[in-house]
$ cat target-v4.txt   # compact mmCIF, C-alpha atoms
# COMPACT_ATOMS: atom_id res chain seq x y z
CA MET A 1 26.88 -2.78 26.01
CA ASP A 2 28.67 -5.92 24.94
CA LYS A 3 26.85 -8.85 23.35
CA MET A 4 27.21 -11.03 26.49
CA SER A 5 25.19 -8.59 28.58
CA GLU A 6 22.32 -8.34 26.10
CA LEU A 7 19.57 -10.88 25.58
CA ASN A 8 18.00 -11.28 22.21
CA GLU A 9 14.25 -11.67 21.84
CA ASP A 10 14.36 -15.49 21.79
CA GLU A 11 16.55 -15.64 24.91
CA MET A 12 14.27 -13.24 26.78
CA GLN A 13 11.23 -15.23 25.68
CA LEU A 14 12.83 -18.48 26.89
CA TRP A 15 13.65 -16.88 30.25
CA ASN A 16 10.08 -15.62 30.68
CA MET A 17 8.64 -19.01 29.67
CA TRP A 18 10.87 -20.75 32.25
CA LYS A 19 9.85 -18.34 35.03
CA GLY A 20 6.17 -18.48 34.11
CA SER A 21 6.14 -22.26 33.93
CA PHE A 22 7.77 -22.60 37.34
CA LYS A 23 5.42 -20.05 38.92
CA ARG A 24 2.32 -21.74 37.47
CA ILE A 25 3.34 -25.24 38.56
CA PHE A 26 4.51 -24.14 41.99
CA GLY A 27 1.36 -22.06 42.47
CA ARG A 28 -0.88 -25.00 41.62
CA VAL A 29 0.93 -27.30 44.05
CA VAL A 30 0.77 -24.72 46.87
CA LYS A 31 -2.91 -23.97 46.14
CA GLU A 32 -3.90 -27.64 46.36
CA MET A 33 -1.89 -28.15 49.53
CA SER A 34 -3.38 -25.07 51.15
CA GLU A 35 -6.95 -25.93 50.14
CA HIS A 36 -6.69 -29.51 51.41
CA THR A 37 -4.63 -28.97 54.57
CA GLY A 38 -4.82 -25.31 55.61
CA LEU A 39 -1.01 -25.12 55.57
CA SER A 40 0.76 -22.31 53.77
CA GLU A 41 3.90 -22.81 51.72
CA GLY A 42 5.91 -21.44 54.67
CA ASP A 43 4.18 -23.73 57.18
CA PHE A 44 4.97 -26.76 55.05
CA GLY A 45 8.57 -25.62 54.53
CA VAL A 46 9.15 -25.23 58.27
CA LEU A 47 7.52 -28.53 59.23
CA ASP A 48 9.19 -30.47 56.43
CA ARG A 49 12.66 -29.13 57.27
CA LEU A 50 12.24 -29.84 60.98
CA VAL A 51 11.59 -33.50 60.16
CA GLN A 52 13.98 -33.89 57.20
CA PHE A 53 17.01 -32.05 58.57
CA GLY A 54 16.57 -32.21 62.33
CA GLU A 55 14.49 -35.25 63.24
CA GLY A 56 11.82 -32.90 64.57
CA LYS A 57 13.94 -30.05 65.94
CA LEU A 58 16.39 -27.48 64.64
CA ARG A 59 18.08 -24.34 65.88
CA GLN A 60 16.15 -21.32 64.63
CA GLN A 61 19.19 -20.03 62.72
CA GLU A 62 19.68 -23.39 60.96
CA LEU A 63 16.02 -23.37 59.99
CA ALA A 64 16.27 -19.79 58.68
CA ASP A 65 19.37 -20.67 56.66
CA SER A 66 17.77 -23.81 55.18
CA MET A 67 14.75 -21.78 54.04
CA ASP A 68 16.83 -18.82 52.87
CA TRP A 69 14.70 -16.57 55.10
CA ASP A 70 15.99 -13.79 57.32
CA LYS A 71 15.63 -14.15 61.09
CA SER A 72 12.84 -11.61 61.36
CA ARG A 73 10.65 -13.23 58.69
CA LEU A 74 11.10 -16.66 60.25
CA SER A 75 10.45 -15.35 63.75
CA HIS A 76 7.13 -13.78 62.71
CA HIS A 77 6.11 -16.93 60.86
CA LEU A 78 7.02 -19.15 63.83
CA THR A 79 4.91 -16.94 66.11
CA ARG A 80 1.87 -17.67 63.93
CA MET A 81 2.69 -21.38 63.77
CA GLU A 82 3.20 -21.54 67.53
CA LYS A 83 -0.23 -19.96 68.12
CA ARG A 84 -1.72 -22.73 65.96
CA GLY A 85 0.12 -25.41 67.97
CA LEU A 86 2.33 -26.61 65.09
CA VAL A 87 5.71 -25.81 66.67
CA LEU A 88 7.29 -24.88 69.99
CA ARG A 89 10.22 -22.56 70.62
CA LYS A 90 12.62 -23.48 73.40
CA PRO A 91 15.63 -21.40 74.46
CA LEU A 92 18.83 -23.46 74.40
CA ASP A 93 20.62 -23.82 77.72
CA THR A 94 24.10 -23.77 76.22
CA ASP A 95 23.91 -20.43 74.37
CA ARG A 96 21.58 -17.69 73.20
CA GLY A 97 20.08 -19.82 70.46
CA VAL A 98 16.50 -21.03 70.19
CA GLN A 99 15.43 -24.53 69.24
CA ILE A 100 12.31 -25.04 67.13
CA ILE A 101 10.46 -28.27 67.85
CA ILE A 102 7.64 -29.80 65.83
CA THR A 103 4.59 -30.69 67.95
CA SER A 104 2.39 -33.74 67.50
CA ALA A 105 -0.16 -31.45 65.80
CA GLY A 106 2.61 -30.21 63.49
CA ARG A 107 3.60 -33.79 62.66
CA SER A 108 -0.01 -34.71 61.93
CA ALA A 109 -0.41 -31.66 59.68
CA LEU A 110 2.78 -32.56 57.80
CA GLU A 111 1.73 -36.20 57.43
CA ALA A 112 -1.63 -35.07 56.04
CA ALA A 113 0.05 -32.65 53.63
CA LEU A 114 2.72 -34.96 52.19
CA PRO A 115 0.41 -37.13 50.05
CA VAL A 116 -1.48 -34.04 48.84
CA VAL A 117 1.78 -32.35 47.84
CA SER A 118 3.10 -35.53 46.21
CA LYS A 119 -0.04 -35.98 44.12
CA ALA A 120 -0.04 -32.31 43.11
CA ILE A 121 3.62 -32.45 42.07
CA ARG A 122 2.95 -35.60 40.06
CA ARG A 123 -0.19 -34.14 38.42
CA HIS A 124 1.11 -30.66 37.62
CA PHE A 125 4.77 -31.41 36.93
CA LEU A 126 6.08 -34.98 36.72
CA SER A 127 3.24 -36.34 34.56
CA GLN A 128 4.07 -33.67 31.96
CA LEU A 129 7.70 -34.81 31.59
CA THR A 130 9.37 -37.43 29.44
CA ASP A 131 12.38 -39.37 30.73
CA GLN A 132 14.56 -37.11 28.60
CA ASP A 133 12.94 -34.00 30.16
CA MET A 134 13.72 -35.36 33.64
CA GLU A 135 17.35 -35.99 32.70
CA SER A 136 17.65 -32.48 31.23
CA ILE A 137 16.13 -30.85 34.31
CA ALA A 138 18.38 -32.86 36.64
CA SER A 139 21.42 -31.92 34.56
CA LEU A 140 20.48 -28.24 34.51
CA ALA A 141 19.84 -28.23 38.27
CA GLU A 142 23.26 -29.78 38.88
CA ARG A 143 25.04 -27.26 36.61
CA THR A 144 23.32 -24.27 38.20
CA LYS A 145 23.88 -25.26 41.86
CA ALA A 146 27.00 -23.16 42.36
CA PRO A 147 26.52 -19.40 42.79
$ encode --input "target-v4.txt" --output "structure tokens"
Amino acid sequence: MDKMSELNEDEMQLWNMWKGSFKRIFGRVVKEMSEHTGLSEGDFGVLDRLVQFGEGKLRQQELADSMDWDKSRLSHHLTRMEKRGLVLRKPLDTDRGVQIIITSAGRSALEAALPVVSKAIRRHFLSQLTDQDMESIASLAERTKAP
């Protein structure tokens, strides 16, 4: 093995700290959102993307791509959300695609969740950071965007 493919103890420790920190923070945000709104991480992701990227509606494939979910996983999740009245599925007239539409109940659930999520992100993440930390994280995120 060459040196580039091996991690030393400090590098492995840094990697594990990074992963653990992200998982803890993300888990706390999702837990608070779920406890206060009844939405799962997936529910919030679907509803948020429908509003952010599609003004309330998106083709199912676009939604799957934006969430980095396969079609089957999204389809099963949408079935559960549809039963709860959060979204509707409508076949598109022009082709074989399906459009996902947020319902008024879905919009209300998202509107109720947004301040909870914002406060949780601020409490568990942003309030822990200095301005320099924020600049470093933004810089790292930018550098690591490309595959």
$ residues_around --input "target-v4.txt" --residues "Pro91 in chain A" --least-positions-apart "4" --cutoff "12 Å" --atoms "all atoms listed in the file" --output "ChimeraX atom specification"
/A:58-60,95-101
$ write_last_selection --input "target-v4.txt" --atoms "C-alpha atoms" --output "compact mmCIF listing (two decimals), keeping the file's coordinate frame"
# COMPACT_ATOMS: atom_id res chain seq x y z
CA LEU A 58 16.39 -27.48 64.64
CA ARG A 59 18.08 -24.34 65.88
CA GLN A 60 16.15 -21.32 64.63
CA ASP A 95 23.91 -20.43 74.37
CA ARG A 96 21.58 -17.69 73.20
CA GLY A 97 20.08 -19.82 70.46
CA VAL A 98 16.50 -21.03 70.19
CA GLN A 99 15.43 -24.53 69.24
CA ILE A 100 12.31 -25.04 67.13
CA ILE A 101 10.46 -28.27 67.85
$ atom_distance --input "target-v4.txt" --atom1 "CA of Val29 in chain A" --atom2 "CA of Met12 in chain A"
26.0 Å
$ closest_residue --input "target-v4.txt" --among "A:Ile25, A:His36, A:Lys19, A:Glu6" --to "Val116 in chain A" --atoms "all atoms listed in the file"
A:His36
$ atom_distance --input "target-v4.txt" --atom1 "CA of Phe26 in chain A" --atom2 "CA of Gln128 in chain A"
13.8 Å
$ closest_residue --input "target-v4.txt" --among "A:Gly20, A:Gly42, A:Gly54, A:Gly106" --to "Asp68 in chain A" --atoms "only C-alpha atoms"
A:Gly42
$ residues_near_point --input "target-v4.txt" --point "(6.3, -24.9, 68.0)" --cutoff "7 Å" --atoms "only C-alpha atoms" --output "list of chain:residue names"
A:Met81, A:Glu82, A:Gly85, A:Leu86, A:Val87, A:Leu88, A:Arg89, A:Ile100, A:Ile101, A:Ile102, A:Thr103
$ atom_distance --input "target-v4.txt" --atom1 "CA of Leu14 in chain A" --atom2 "CA of Gly45 in chain A"
28.9 Å
$ decode --input "target-v4.txt" --residues "range 111-126 of chain A" --atoms "all heavy atoms" --output "short mmCIF file (atom, residue, chain, number, x, y, z; two decimals), in the first residue's frame"
data_model
loop_
_atom_site.label_atom_id
_atom_site.label_comp_id
_atom_site.auth_asym_id
_atom_site.auth_seq_id
_atom_site.Cartn_x
_atom_site.Cartn_y
_atom_site.Cartn_z
N GLU A 111 -44.88 24.52 7.05
CA GLU A 111 -44.83 25.84 7.70
C GLU A 111 -44.65 25.70 9.21
O GLU A 111 -43.96 26.49 9.84
CB GLU A 111 -46.07 26.66 7.36
CG GLU A 111 -46.06 27.17 5.93
CD GLU A 111 -47.39 27.75 5.47
OE1 GLU A 111 -48.31 27.92 6.31
OE2 GLU A 111 -47.51 28.03 4.27
N ALA A 112 -45.26 24.67 9.79
CA ALA A 112 -45.10 24.42 11.23
C ALA A 112 -43.70 23.90 11.55
O ALA A 112 -43.15 24.19 12.61
CB ALA A 112 -46.15 23.43 11.72
N ALA A 113 -43.12 23.15 10.62
CA ALA A 113 -41.81 22.55 10.86
C ALA A 113 -40.65 23.53 10.66
O ALA A 113 -39.63 23.42 11.36
CB ALA A 113 -41.62 21.34 9.94
N LEU A 114 -40.79 24.46 9.76
CA LEU A 114 -39.66 25.35 9.43
C LEU A 114 -39.10 26.10 10.63
O LEU A 114 -37.88 26.09 10.83
CB LEU A 114 -40.04 26.30 8.29
CG LEU A 114 -40.09 25.65 6.91
CD1 LEU A 114 -40.72 26.59 5.89
CD2 LEU A 114 -38.71 25.20 6.46
N PRO A 115 -39.92 26.73 11.48
CA PRO A 115 -39.33 27.42 12.63
C PRO A 115 -38.70 26.45 13.64
O PRO A 115 -37.68 26.78 14.26
CB PRO A 115 -40.49 28.19 13.26
CG PRO A 115 -41.72 27.75 12.58
CD PRO A 115 -41.34 27.00 11.35
N VAL A 116 -39.26 25.27 13.78
CA VAL A 116 -38.70 24.26 14.68
C VAL A 116 -37.32 23.83 14.19
O VAL A 116 -36.36 23.77 14.95
CB VAL A 116 -39.64 23.04 14.80
CG1 VAL A 116 -39.00 21.92 15.61
CG2 VAL A 116 -40.98 23.44 15.41
N VAL A 117 -37.23 23.57 12.90
CA VAL A 117 -35.96 23.15 12.29
C VAL A 117 -34.94 24.29 12.40
O VAL A 117 -33.78 24.06 12.76
CB VAL A 117 -36.18 22.73 10.82
CG1 VAL A 117 -34.85 22.53 10.11
CG2 VAL A 117 -37.00 21.45 10.76
N SER A 118 -35.37 25.51 12.09
CA SER A 118 -34.45 26.66 12.17
C SER A 118 -33.89 26.83 13.57
O SER A 118 -32.68 27.03 13.75
CB SER A 118 -35.17 27.94 11.75
OG SER A 118 -35.56 27.87 10.40
N LYS A 119 -34.75 26.76 14.57
CA LYS A 119 -34.29 26.91 15.96
C LYS A 119 -33.35 25.78 16.35
O LYS A 119 -32.36 26.01 17.04
CB LYS A 119 -35.49 26.96 16.91
CG LYS A 119 -36.25 28.26 16.86
CD LYS A 119 -37.46 28.22 17.77
CE LYS A 119 -38.30 29.48 17.57
NZ LYS A 119 -39.61 29.37 18.20
N ALA A 120 -33.66 24.57 15.91
CA ALA A 120 -32.80 23.41 16.25
C ALA A 120 -31.44 23.54 15.57
O ALA A 120 -30.41 23.26 16.19
CB ALA A 120 -33.49 22.11 15.85
N ILE A 121 -31.42 23.98 14.33
CA ILE A 121 -30.15 24.17 13.63
C ILE A 121 -29.33 25.25 14.33
O ILE A 121 -28.12 25.10 14.55
CB ILE A 121 -30.37 24.54 12.15
CG1 ILE A 121 -30.93 23.33 11.38
CG2 ILE A 121 -29.08 25.04 11.50
CD1 ILE A 121 -31.42 23.65 9.98
N ARG A 122 -29.99 26.33 14.72
CA ARG A 122 -29.29 27.41 15.42
C ARG A 122 -28.74 26.91 16.76
O ARG A 122 -27.59 27.13 17.10
CB ARG A 122 -30.22 28.60 15.64
CG ARG A 122 -29.49 29.79 16.27
CD ARG A 122 -30.24 31.09 16.12
NE ARG A 122 -30.71 31.40 14.80
CZ ARG A 122 -29.96 31.84 13.79
NH1 ARG A 122 -28.67 32.00 13.95
NH2 ARG A 122 -30.50 32.11 12.62
N ARG A 123 -29.57 26.20 17.53
CA ARG A 123 -29.18 25.74 18.86
C ARG A 123 -28.05 24.70 18.80
O ARG A 123 -27.08 24.78 19.55
CB ARG A 123 -30.39 25.16 19.60
CG ARG A 123 -30.07 24.64 20.99
CD ARG A 123 -31.26 24.18 21.83
NE ARG A 123 -32.39 23.62 21.14
CZ ARG A 123 -33.51 24.30 20.80
NH1 ARG A 123 -33.63 25.57 21.09
NH2 ARG A 123 -34.49 23.69 20.19
N HIS A 124 -28.20 23.72 17.93
CA HIS A 124 -27.27 22.59 17.94
C HIS A 124 -26.06 22.76 17.03
O HIS A 124 -25.10 21.99 17.14
CB HIS A 124 -28.00 21.29 17.58
CG HIS A 124 -29.08 20.95 18.54
ND1 HIS A 124 -28.83 20.65 19.87
CD2 HIS A 124 -30.43 20.89 18.40
CE1 HIS A 124 -29.98 20.40 20.49
NE2 HIS A 124 -30.96 20.55 19.62
N PHE A 125 -26.11 23.75 16.14
CA PHE A 125 -25.02 23.90 15.18
C PHE A 125 -24.48 25.34 15.13
O PHE A 125 -23.37 25.61 15.55
CB PHE A 125 -25.48 23.45 13.79
CG PHE A 125 -24.44 23.55 12.71
CD1 PHE A 125 -23.22 22.89 12.83
CD2 PHE A 125 -24.68 24.29 11.57
CE1 PHE A 125 -22.26 22.98 11.82
CE2 PHE A 125 -23.72 24.38 10.56
CZ PHE A 125 -22.52 23.73 10.69
N LEU A 126 -25.29 26.26 14.64
CA LEU A 126 -24.79 27.62 14.38
C LEU A 126 -24.30 28.32 15.64
O LEU A 126 -23.29 29.04 15.58
CB LEU A 126 -25.87 28.45 13.68
CG LEU A 126 -26.26 27.96 12.28
CD1 LEU A 126 -27.43 28.76 11.74
CD2 LEU A 126 -25.07 28.01 11.33
#
